[in-house]
Amino acid sequence: MNYGHPLTFGALVASPAGTPVEAVELARRAEELGYDLVTVEDRPDEPGLLDAWTVLGWVAGRTERVRLAPAALAVPLRDPAVLARAAASLDLLSDGRLELVLGRGGEQDAIEAMGGRRTGTDRAVAALDEAIDIVRGVLDAGEPRPLRHLGEHYRIPQAQRGPLPAHRIPIRLDGDQAPVLRLAGRKADGWSATLTAFRPAEYAAANKIIDEAALEAGREPAEIRRLLHVTAEHTVPELLALALEDGVSTFVVRADDIATLDRFAREVMPALREAVARELPAAPTAVFRPASVRAKRRPGIDYDNVPPSLAGQAVEPGDLDYARVRSTYLRGGAPGLVLRARSTAEVVDALAFVRAHPGLPFSVRSAGHGISGRSTNDGGLVLSVAAMNTIEVLDEQRRLIRVGPGARWSEVADVLRPYGWALSSGDYGGVGVGGLATAGGVGWLARKHGLTIDHLRAVEMVLADGSVVRAAEDENPELFWAVRGAGANFGVVTSFDFEVDEVGEVGWAQFVVGADDPADLLVRWGAAIEAAPRDLSGQLIMGRPRPGQPGVAQLMAMVDNDDPQTIIDQLTPVAGAGPLYQQNVVLAPYAAVLARAADGYHRAEGEPVSRSGLIEHLTPEFAAAAAELIASGAIHWFQIRTVGGAVADVPAGATAYGYRSANFSVVVMGPSRRRLDPLWDALAVHFDGLYLSFESDQRPERLADAFPPRTLERLRELKRRYDPQHLFADNFPIRTTLETR
Amino acid sequence: MTDYGHDLLFGTFITPTAQPVHQAAELAVVSDRAGLDLATFQDHPYLPRFHDTWTLLSYAAARTERIHLSGNVLNLPLRPPAVLARAAASLDLLSGGRIELGIGAGGFWDAIEAMGSRRLSPGESVAALAEGIEIIRQIWAADQAGPVKVEGDYYRVSGAKRGPAPAHDIKIWVGAYKPRMLRLIGRAADGVLPSLGYLANGADDLTAINQHIDEGAQAAGRDPRAVRRLLNISGEFAPAGRAFLQGPAEQWAEDLAGLTLEYGVSAFILAADDPATIERFAAEVAPATRELVAAERG
Ligand SMILES: Cc1cc2nc3c(=O)[nH]c(=O)nc-3n(C[C@H](O)[C@H](O)[C@H](O)COP(=O)(O)OP(=O)(O)OC[C@H]3O[C@@H](n4cnc5c(N)ncnc54)[C@H](O)[C@@H]3O)c2cc1C
């Protein structure tokens, strides 16, 4: 019986306390020799050996590639919930190299002597069973509810889950007695044993117990990988028989010295590899998903026919990485499958798969900061191009750069900084290129240098039918026009060519001003902005008023000028819009301002509620209405960014981006759509359109707010030409027919 | 004025954040290269946003060369003492004697209980810590005859073999604020490790802390100088002096030297998660403080 797993080799390295360097020297040598795994014995009864977990942490810091495992961690002496977090940490720190091997910890006397509980053999296995559940439960960080485990041996009222490890840490069980074997069959990802503990034929019998227990539990026997500890004295024919007939896929040799390691690597490993390769068909490389993972699949998705180019990177609901990709910055999601493309060709493959699933929700995602949250969904497909994040300089003379959609704006800024360049993007470095550069891009340099899309010179994109096209002024100009403002409707952009600006150090200012009279502040700030030179772009933020506390607003501004006096001169009238409580002005590189971006994956829950409006002047009438809205408590976020200036220099119909004459872009966010929408709708009289990147309202009439009638008409025509089947419909879909209410 | 005459140590109190994954270990490397004496991490095994501190210490020790490392402070209720003692000795051996054992009796009992451990009253947790320290010291005392035997109310370790012996005399530093715990430190520990920010009256509270420790030590026939007074601090560098530890490096040095001469603090562990602050603390504050203290001590 062979279970079809590729053959791997491990070394059980000695870790004597008397010569502590030995363990790490052996581990490093094993890594050099091409061993796949290093294991360290955990013997709580043996002070002559170092603590295994500590050795593993140390070895992780001194190796790069080899996987690491304790040789049966003595579970009775470890708190399983703490152990799980330790495992996640070690897996993260080692970049996903940890495997867990758990055991009952040897002699009960020794466990008791060390302060552990004596349980008796049978109950020790029951405790191990619970420990596996706890470890898995803690590691299941994507599960929002805390872990509750009220068992016979462990009682955990409600532990938080996580951290999320770097990969799905396999849990093997070590032992040779029937209760352990049955537990391994039922629950574990692998079984670990020592060959010398068996008499001939006993090993096969043990395997059988595991297989039967697996089948009884509705699992495939192949889900349990077989690891066997052997000695360097075992011969190739002996091991070959074990691989072919008993399904052993990992041989771990006990190595107390470098000579043994070397000898096994030289004499046994290559010969055994060769013999196994001769006897067995190549182990399938397809991703194997156990029944427990497949159980979480969503209906209507042809999981088994994901294009091969994408299968290795695809994430489905039962996968560990699902927690990392399910949600976006602002919206909780539960997609049925996330396809992670690494190249244009893979985007083409992905779109073919999407076309084969008509009727399923489909989202395109770059860095997942879309405020509408449409880059995730419930039960549908997501195409993520986050991995396509390269940034290269194409032409230094022309300041031409090429950027992948998955890059984030902080990364773009960092690459441009040494050249003395910058590209105005948005205010936050975590935002992705793909979403922003297909919609607009209102940034810290907008008044001076225009929108991000105004710097776009060409794109490569994959259209709904899978064709790869370039769009620029001189090639597919209609598409190029549409991409700059309504790109999400026409395809997946796989690279952007931008012409960037020379930008040296900039003045960066943060003020806190009094806002007891918000309307007055808005009018004065608006007037100061409109009067300011184009060097200056900025924004104003107000939150929910707090009872009993003075109202305040945050003002931020960037001045694209490196002369301190000019910076101060330009900032003074803006800061004077209200009584100044705090100020901080520095000279900084543009990239430093964008650097404040959070790390880690998105964990939003629920739905974002955000509304947008573009407005020419902050009139007293608008200011009064806005003040009322802020006072209503229906919003917790009120923000105005400056546009105008160079943004308005571009003729209105030159790109699909709608309303260029506005000087201000207003955004509000609140907890409840039901409460906010009517209030915001009532403000409509003040606005000339909206900016789609800040809008979350899905009612179709928002399209008419985003695009002037002629633009929308032209977009409909182009939609008919480029995406007649409405493949790209996740984010403010343009219908080929007129919207009906 | 109480100065216990210890040489001064300077270290960092690094957030063991799990995200970005390697940030905490990298800051330990920065601390090491900057020439600091100590890199420490807090330990909250119930919080998933942090790394497991023991694992992080093991990894960070392997990435550093000279600096000593410690938990600040390890949570005893979730880390049974016999296993912890062997782990600490092991890491001390691996690192060539660079591990110290900062431990605490546990503070956030709701969270500890939620992880499945028993809630202890303040009095109980002092007794449990005393037993824990006893077990740890017995495990380390590999040269003594007979197995470890501590039959306590909270821990029973009976018959375990002793060892391994650590590479150096690992110091046991206890995070503590209250009289009973402080007296225990005087009796049985090598250092006290409070955070300045938790002291209701700031540094003034150190006088009482010192008194309790000194009493505990004297009652046990120990020299109060056997107990090092460490302190977690936080501050901000600024061009002009604004407040305690808010100002230029020279002012920091004066502030810290004051704590040494006035309250006998001999280890300053700065909460810092950015390399620039760590480097400045090492390059400017540490030598200047040492100089001021040396000048005063004569
Ligand atoms: C904190 C924060 C601050 C912001 N500040 C600003 C700001 O100052 N100025 C500003 O202009 N915007 C700002 N935005 C809005 C931002 O521009 C949009 O949310 C943008 O869509 C995010 O891009 P992304 O790639 O991260 O988003 P994603 O969520 O990945 O994508 C959003 C949408 O864009 C489309 N899309 C994504 N990738 C592609 C692609 N490769 N090809 C075609 N379509 C694609 C999809 O329809 C998707 O639903 C901010 C957003 C946040 C969260």
# chains A, B, ... in the order shown; residues from 1 in each chain; ligands from 1
$ interface_residues --of "chain B" --to "chain A" --cutoff "8 Å" --atoms "only C-alpha atoms" --output "NGL selection string"
:B and (18-22 or 45-56 or 58-63 or 78-80 or 82-83 or 86-87 or 90-91 or 93-94 or 111 or 113-116 or 155-164)
$ write_last_selection --atoms "N, CA and C atoms" --output "short mmCIF file (atom, residue, chain, number, x, y, z; two decimals), in the first residue's frame"
data_model
loop_
_atom_site.label_atom_id
_atom_site.label_comp_id
_atom_site.auth_asym_id
_atom_site.auth_seq_id
_atom_site.Cartn_x
_atom_site.Cartn_y
_atom_site.Cartn_z
N ALA B 18 2.96 40.01 16.46
CA ALA B 18 3.06 38.92 15.49
C ALA B 18 2.99 39.45 14.06
N GLN B 19 2.75 40.72 13.92
CA GLN B 19 2.56 41.32 12.59
C GLN B 19 3.14 42.72 12.56
N PRO B 20 4.13 43.06 11.78
CA PRO B 20 4.89 42.21 10.87
C PRO B 20 5.66 41.13 11.63
N VAL B 21 5.73 39.96 11.03
CA VAL B 21 6.19 38.76 11.72
C VAL B 21 7.56 38.93 12.38
N HIS B 22 8.49 39.52 11.67
CA HIS B 22 9.86 39.55 12.18
C HIS B 22 10.24 40.86 12.87
N PRO B 45 0.25 35.25 26.94
CA PRO B 45 -0.07 34.06 26.12
C PRO B 45 -1.54 33.97 25.72
N TYR B 46 -2.37 34.83 26.27
CA TYR B 46 -3.79 34.81 25.89
C TYR B 46 -4.07 35.77 24.74
N LEU B 47 -3.08 36.54 24.29
CA LEU B 47 -3.32 37.53 23.24
C LEU B 47 -2.74 37.09 21.90
N PRO B 48 -3.60 36.80 20.94
CA PRO B 48 -3.08 36.30 19.67
C PRO B 48 -2.37 37.35 18.82
N ARG B 49 -2.47 38.61 19.18
CA ARG B 49 -1.77 39.57 18.33
C ARG B 49 -0.26 39.59 18.63
N PHE B 50 0.11 38.90 19.69
CA PHE B 50 1.53 38.80 20.03
C PHE B 50 2.06 37.41 19.69
N HIS B 51 3.38 37.37 19.48
CA HIS B 51 4.04 36.08 19.38
C HIS B 51 4.05 35.41 20.74
N ASP B 52 4.19 34.09 20.72
CA ASP B 52 4.48 33.39 21.95
C ASP B 52 5.86 33.85 22.39
N THR B 53 5.95 34.38 23.59
CA THR B 53 7.19 35.04 23.99
C THR B 53 8.36 34.08 24.11
N TRP B 54 8.12 32.87 24.60
CA TRP B 54 9.24 31.95 24.73
C TRP B 54 9.81 31.59 23.36
N THR B 55 8.92 31.33 22.42
CA THR B 55 9.37 30.99 21.07
C THR B 55 10.13 32.17 20.46
N LEU B 56 9.60 33.36 20.67
CA LEU B 56 10.26 34.55 20.14
C LEU B 56 11.64 34.74 20.78
N SER B 58 13.57 32.42 21.93
CA SER B 58 14.49 31.40 21.40
C SER B 58 14.98 31.81 20.02
N TYR B 59 14.05 32.30 19.21
CA TYR B 59 14.41 32.70 17.85
C TYR B 59 15.31 33.93 17.88
N ALA B 60 14.93 34.92 18.70
CA ALA B 60 15.71 36.16 18.74
C ALA B 60 17.11 35.91 19.31
N ALA B 61 17.20 34.99 20.26
CA ALA B 61 18.52 34.68 20.82
C ALA B 61 19.43 34.13 19.74
N ALA B 62 18.83 33.33 18.84
CA ALA B 62 19.64 32.76 17.77
C ALA B 62 20.07 33.81 16.76
N ARG B 63 19.35 34.91 16.68
CA ARG B 63 19.66 35.95 15.69
C ARG B 63 20.60 37.01 16.26
N LEU B 78 0.60 30.41 33.16
CA LEU B 78 0.43 29.67 31.91
C LEU B 78 1.72 28.98 31.46
N ARG B 79 2.75 29.07 32.31
CA ARG B 79 4.02 28.42 31.96
C ARG B 79 4.53 27.63 33.17
N PRO B 80 4.14 26.37 33.26
CA PRO B 80 4.50 25.58 34.44
C PRO B 80 6.00 25.61 34.72
N ALA B 82 8.52 23.81 36.10
CA ALA B 82 9.59 22.84 35.86
C ALA B 82 10.00 22.86 34.39
N VAL B 83 9.00 22.91 33.50
CA VAL B 83 9.29 22.94 32.07
C VAL B 83 9.96 24.27 31.71
N ARG B 86 13.64 24.24 32.61
CA ARG B 86 14.48 23.50 31.64
C ARG B 86 14.61 24.28 30.34
N ALA B 87 13.53 24.92 29.94
CA ALA B 87 13.59 25.71 28.71
C ALA B 87 14.59 26.86 28.88
N SER B 90 18.04 25.62 28.89
CA SER B 90 18.42 25.21 27.53
C SER B 90 18.80 26.43 26.69
N LEU B 91 17.97 27.46 26.77
CA LEU B 91 18.27 28.64 25.95
C LEU B 91 19.53 29.34 26.45
N LEU B 93 22.05 27.83 27.68
CA LEU B 93 23.16 27.03 27.15
C LEU B 93 23.38 27.31 25.67
N LEU B 94 22.29 27.33 24.94
CA LEU B 94 22.41 27.57 23.49
C LEU B 94 23.01 28.95 23.21
N ALA B 111 -8.31 36.94 31.58
CA ALA B 111 -7.75 36.33 30.37
C ALA B 111 -7.08 35.00 30.67
N GLU B 113 -7.87 32.97 33.07
CA GLU B 113 -8.95 32.03 33.33
C GLU B 113 -9.62 31.58 32.02
N ALA B 114 -9.76 32.53 31.10
CA ALA B 114 -10.39 32.19 29.82
C ALA B 114 -9.56 31.17 29.06
N MET B 115 -8.26 31.13 29.34
CA MET B 115 -7.38 30.14 28.69
C MET B 115 -7.40 28.82 29.44
N GLY B 116 -8.13 28.74 30.53
CA GLY B 116 -8.27 27.46 31.21
C GLY B 116 -7.44 27.30 32.45
N TYR B 155 2.05 23.86 43.07
CA TYR B 155 2.85 23.02 42.18
C TYR B 155 3.42 21.86 42.98
N ARG B 156 3.37 20.69 42.40
CA ARG B 156 4.00 19.54 43.01
C ARG B 156 4.98 18.96 42.00
N VAL B 157 6.22 19.19 42.26
CA VAL B 157 7.24 18.61 41.39
C VAL B 157 8.08 17.73 42.29
N SER B 158 7.98 16.45 42.07
CA SER B 158 8.52 15.55 43.05
C SER B 158 9.15 14.38 42.36
N GLY B 159 10.46 14.35 42.44
CA GLY B 159 11.16 13.21 41.84
C GLY B 159 11.77 13.52 40.49
N ALA B 160 11.57 14.72 39.98
CA ALA B 160 12.18 15.06 38.69
C ALA B 160 13.68 15.16 38.85
N LYS B 161 14.38 14.69 37.83
CA LYS B 161 15.83 14.84 37.87
C LYS B 161 16.18 16.32 37.77
N ARG B 162 17.30 16.67 38.37
CA ARG B 162 17.75 18.06 38.26
C ARG B 162 18.45 18.27 36.94
N GLY B 163 18.52 19.54 36.54
CA GLY B 163 19.29 19.88 35.35
C GLY B 163 18.38 20.14 34.16
N PRO B 164 18.89 20.64 33.07
CA PRO B 164 20.31 20.99 32.93
C PRO B 164 20.68 22.26 33.71
#
$ residues_around --residues "Asp204 (chain B)" --least-positions-apart "4" --cutoff "10 Å" --atoms "only C-alpha atoms" --output "ChimeraX atom specification"
/B:196,199-200,208-209,259,262-263
$ residues_around --residues "region 232-244 of chain B" --least-positions-apart "6" --cutoff "6 Å" --atoms "only C-alpha atoms" --output "PyMOL selection string"
chain B and resi 195-196+269-271
$ select_by_dssp --residues "region 40-147 of chain A" --states "alpha helix (DSSP H)" --output "VMD selection string"
chain A and resid 52 to 62 80 to 93 108 to 113 121 to 139
$ atom_distance --atom1 "atom 31 (O, counted along the ligand's line) of ligand 1" --atom2 "CA of Asn731 (chain A)"
8.6 Å
$ residues_near_ligand --ligand "ligand 1" --cutoff "6 Å" --atoms "only C-alpha atoms and all ligand atoms" --output "MDAnalysis selection string"
chainID A and resid 363:371 374:375 405 426:428 431:436 440:443 487:488 491:494 693:694 730:731
$ write_last_selection --atoms "C-alpha atoms" --output "tab-separated table (two decimals), in the first residue's frame"
chain	number	residue	atom	x	y	z
A	363	SER	CA	-14.99	40.35	-7.83
A	364	VAL	CA	-11.66	41.73	-8.95
A	365	ARG	CA	-9.24	42.64	-6.21
A	366	SER	CA	-5.88	44.35	-6.12
A	367	ALA	CA	-5.03	45.44	-2.56
A	368	GLY	CA	-8.53	45.17	-1.17
A	369	HIS	CA	-8.97	48.77	-0.03
A	370	GLY	CA	-12.04	49.42	-2.13
A	371	ILE	CA	-14.40	51.52	-0.06
A	374	ARG	CA	-17.04	44.98	-3.82
A	375	SER	CA	-13.70	43.27	-4.13
A	405	PRO	CA	-2.02	46.42	-9.98
A	426	GLY	CA	-4.28	58.91	-2.46
A	427	ASP	CA	-3.72	59.86	1.13
A	428	TYR	CA	-3.03	56.36	2.41
A	431	VAL	CA	-4.27	51.48	-0.84
A	432	GLY	CA	-3.63	49.47	-3.97
A	433	VAL	CA	-2.75	50.66	-7.44
A	434	GLY	CA	-5.38	48.57	-9.23
A	435	GLY	CA	-8.50	50.04	-7.67
A	436	LEU	CA	-7.33	53.63	-7.42
A	440	GLY	CA	-9.27	58.53	-10.30
A	441	GLY	CA	-6.75	59.11	-7.57
A	442	VAL	CA	-7.24	62.19	-5.43
A	443	GLY	CA	-3.97	62.66	-3.62
A	487	GLY	CA	-11.74	50.89	-15.54
A	488	ALA	CA	-13.37	48.30	-13.31
A	491	GLY	CA	-11.40	44.39	-17.72
A	492	VAL	CA	-8.62	43.51	-15.37
A	493	VAL	CA	-5.71	45.88	-15.66
A	494	THR	CA	-2.48	43.93	-15.37
A	693	SER	CA	-13.90	55.39	-5.06
A	694	PHE	CA	-15.63	56.80	-1.97
A	730	ASP	CA	-18.92	43.80	-9.17
A	731	ASN	CA	-18.35	47.49	-8.70
$ closest_residue --among "B:Arg280, B:Lys149, B:Arg98, B:Arg187" --to "Ala34 (chain B)" --atoms "only C-alpha atoms"
B:Arg280
$ atom_distance --atom1 "CA of Ala142 (chain B)" --atom2 "CA of Gly175 (chain B)"
26.4 Å
$ residues_around --residues "Asp414 (chain A)" --least-positions-apart "2" --cutoff "10 Å" --atoms "only C-alpha atoms" --output "PDB file with N, CA, C and O atoms, in the first residue's frame"
ATOM      1  N   TRP A 409       0.490  51.964  -2.794  1.00  0.00           N
ATOM      2  CA  TRP A 409       1.033  53.283  -3.097  1.00  0.00           C
ATOM      3  C   TRP A 409       2.230  53.649  -2.228  1.00  0.00           C
ATOM      4  O   TRP A 409       3.088  54.417  -2.652  1.00  0.00           O
ATOM      5  N   SER A 410       2.326  53.083  -1.035  1.00  0.00           N
ATOM      6  CA  SER A 410       3.528  53.348  -0.229  1.00  0.00           C
ATOM      7  C   SER A 410       4.751  52.739  -0.913  1.00  0.00           C
ATOM      8  O   SER A 410       5.835  53.314  -0.904  1.00  0.00           O
ATOM      9  N   GLU A 411       4.562  51.564  -1.518  1.00  0.00           N
ATOM     10  CA  GLU A 411       5.675  50.901  -2.197  1.00  0.00           C
ATOM     11  C   GLU A 411       6.091  51.684  -3.437  1.00  0.00           C
ATOM     12  O   GLU A 411       7.280  51.834  -3.728  1.00  0.00           O
ATOM     13  N   VAL A 412       5.092  52.195  -4.158  1.00  0.00           N
ATOM     14  CA  VAL A 412       5.412  53.007  -5.341  1.00  0.00           C
ATOM     15  C   VAL A 412       6.226  54.230  -4.900  1.00  0.00           C
ATOM     16  O   VAL A 412       7.264  54.557  -5.483  1.00  0.00           O
ATOM     17  N   LEU A 416      10.088  55.435  -6.033  1.00  0.00           N
ATOM     18  CA  LEU A 416      10.334  56.700  -6.743  1.00  0.00           C
ATOM     19  C   LEU A 416      11.224  57.655  -5.963  1.00  0.00           C
ATOM     20  O   LEU A 416      11.915  58.493  -6.544  1.00  0.00           O
ATOM     21  N   ARG A 417      11.225  57.510  -4.660  1.00  0.00           N
ATOM     22  CA  ARG A 417      11.911  58.478  -3.811  1.00  0.00           C
ATOM     23  C   ARG A 417      13.383  58.723  -4.184  1.00  0.00           C
ATOM     24  O   ARG A 417      13.802  59.873  -4.314  1.00  0.00           O
ATOM     25  N   PRO A 418      14.166  57.653  -4.372  1.00  0.00           N
ATOM     26  CA  PRO A 418      15.573  57.917  -4.700  1.00  0.00           C
ATOM     27  C   PRO A 418      15.775  58.678  -6.013  1.00  0.00           C
ATOM     28  O   PRO A 418      16.820  59.301  -6.202  1.00  0.00           O
ATOM     29  N   TYR A 419      14.793  58.649  -6.903  1.00  0.00           N
ATOM     30  CA  TYR A 419      14.913  59.393  -8.158  1.00  0.00           C
ATOM     31  C   TYR A 419      14.506  60.855  -7.987  1.00  0.00           C
ATOM     32  O   TYR A 419      14.605  61.642  -8.919  1.00  0.00           O
ATOM     33  N   TRP A 421      11.356  61.608  -7.445  1.00  0.00           N
ATOM     34  CA  TRP A 421      10.065  61.627  -8.124  1.00  0.00           C
ATOM     35  C   TRP A 421       8.951  61.255  -7.147  1.00  0.00           C
ATOM     36  O   TRP A 421       9.191  60.675  -6.107  1.00  0.00           O
ATOM     37  N   ALA A 422       7.738  61.595  -7.563  1.00  0.00           N
ATOM     38  CA  ALA A 422       6.567  61.110  -6.836  1.00  0.00           C
ATOM     39  C   ALA A 422       5.393  61.069  -7.795  1.00  0.00           C
ATOM     40  O   ALA A 422       5.395  61.740  -8.837  1.00  0.00           O
ATOM     41  N   PRO A 589      10.106  63.733   2.823  1.00  0.00           N
ATOM     42  CA  PRO A 589       9.880  63.185   1.485  1.00  0.00           C
ATOM     43  C   PRO A 589       8.423  62.746   1.349  1.00  0.00           C
ATOM     44  O   PRO A 589       7.822  62.309   2.337  1.00  0.00           O
ATOM     45  N   TYR A 590       7.893  62.853   0.135  1.00  0.00           N
ATOM     46  CA  TYR A 590       6.521  62.396  -0.115  1.00  0.00           C
ATOM     47  C   TYR A 590       6.341  60.967   0.403  1.00  0.00           C
ATOM     48  O   TYR A 590       5.340  60.630   1.025  1.00  0.00           O
ATOM     49  N   ALA A 591       7.352  60.129   0.158  1.00  0.00           N
ATOM     50  CA  ALA A 591       7.242  58.715   0.544  1.00  0.00           C
ATOM     51  C   ALA A 591       7.062  58.552   2.048  1.00  0.00           C
ATOM     52  O   ALA A 591       6.414  57.611   2.512  1.00  0.00           O
ATOM     53  N   ALA A 592       7.646  59.470   2.834  1.00  0.00           N
ATOM     54  CA  ALA A 592       7.521  59.343   4.286  1.00  0.00           C
ATOM     55  C   ALA A 592       6.082  59.584   4.724  1.00  0.00           C
ATOM     56  O   ALA A 592       5.598  58.988   5.684  1.00  0.00           O
ATOM     57  N   LEU A 594       3.442  58.798   2.993  1.00  0.00           N
ATOM     58  CA  LEU A 594       2.642  57.618   2.616  1.00  0.00           C
ATOM     59  C   LEU A 594       3.019  56.376   3.409  1.00  0.00           C
ATOM     60  O   LEU A 594       2.394  55.329   3.280  1.00  0.00           O
ATOM     61  N   ALA A 595       4.075  56.496   4.217  1.00  0.00           N
ATOM     62  CA  ALA A 595       4.605  55.292   4.866  1.00  0.00           C
ATOM     63  C   ALA A 595       3.702  54.759   5.960  1.00  0.00           C
ATOM     64  O   ALA A 595       3.862  53.629   6.389  1.00  0.00           O
TER      65      ALA A 595
END
$ closest_residue --among "B:Ala282, B:Ala88, B:Ile213, B:Ala189" --to "Glu131 (chain B)" --atoms "only C-alpha atoms"
B:Ala189
$ closest_residue --among "A:Pro550, A:Ala729, A:Arg484, A:Ala527" --to "Gly514 (chain A)" --atoms "only C-alpha atoms"
A:Pro550
$ residues_around --residues "Arg611 (chain A)" --least-positions-apart "5" --cutoff "8 Å" --atoms "only C-alpha atoms" --output "mmCIF file with N, CA and C atoms, in the first residue's frame"
data_model
loop_
_atom_site.group_PDB
_atom_site.id
_atom_site.type_symbol
_atom_site.label_atom_id
_atom_site.label_comp_id
_atom_site.auth_asym_id
_atom_site.auth_seq_id
_atom_site.Cartn_x
_atom_site.Cartn_y
_atom_site.Cartn_z
ATOM 1 N N VAL A 667 -16.516 63.128 1.690
ATOM 2 C CA VAL A 667 -16.822 61.738 2.034
ATOM 3 C C VAL A 667 -17.408 61.693 3.430
ATOM 4 N N VAL A 668 -18.466 60.931 3.600
ATOM 5 C CA VAL A 668 -18.956 60.690 4.961
ATOM 6 C C VAL A 668 -19.124 59.188 5.147
ATOM 7 N N MET A 669 -18.918 58.749 6.375
ATOM 8 C CA MET A 669 -19.152 57.341 6.695
ATOM 9 C C MET A 669 -19.985 57.261 7.966
ATOM 10 N N TRP A 680 -28.121 62.001 3.343
ATOM 11 C CA TRP A 680 -27.149 62.359 2.294
ATOM 12 C C TRP A 680 -27.880 62.722 0.994
ATOM 13 N N PHE A 694 -15.194 56.568 -3.352
ATOM 14 C CA PHE A 694 -15.631 56.796 -1.972
ATOM 15 C C PHE A 694 -17.097 56.468 -1.762
ATOM 16 N N GLU A 695 -17.707 55.835 -2.743
ATOM 17 C CA GLU A 695 -19.148 55.610 -2.681
ATOM 18 C C GLU A 695 -19.418 54.143 -2.395
ATOM 19 N N SER A 696 -20.379 53.875 -1.516
ATOM 20 C CA SER A 696 -20.749 52.477 -1.299
ATOM 21 C C SER A 696 -22.210 52.212 -1.621
ATOM 22 N N ASP A 697 -22.933 53.237 -2.028
ATOM 23 C CA ASP A 697 -24.359 53.059 -2.313
ATOM 24 C C ASP A 697 -24.522 52.311 -3.636
#
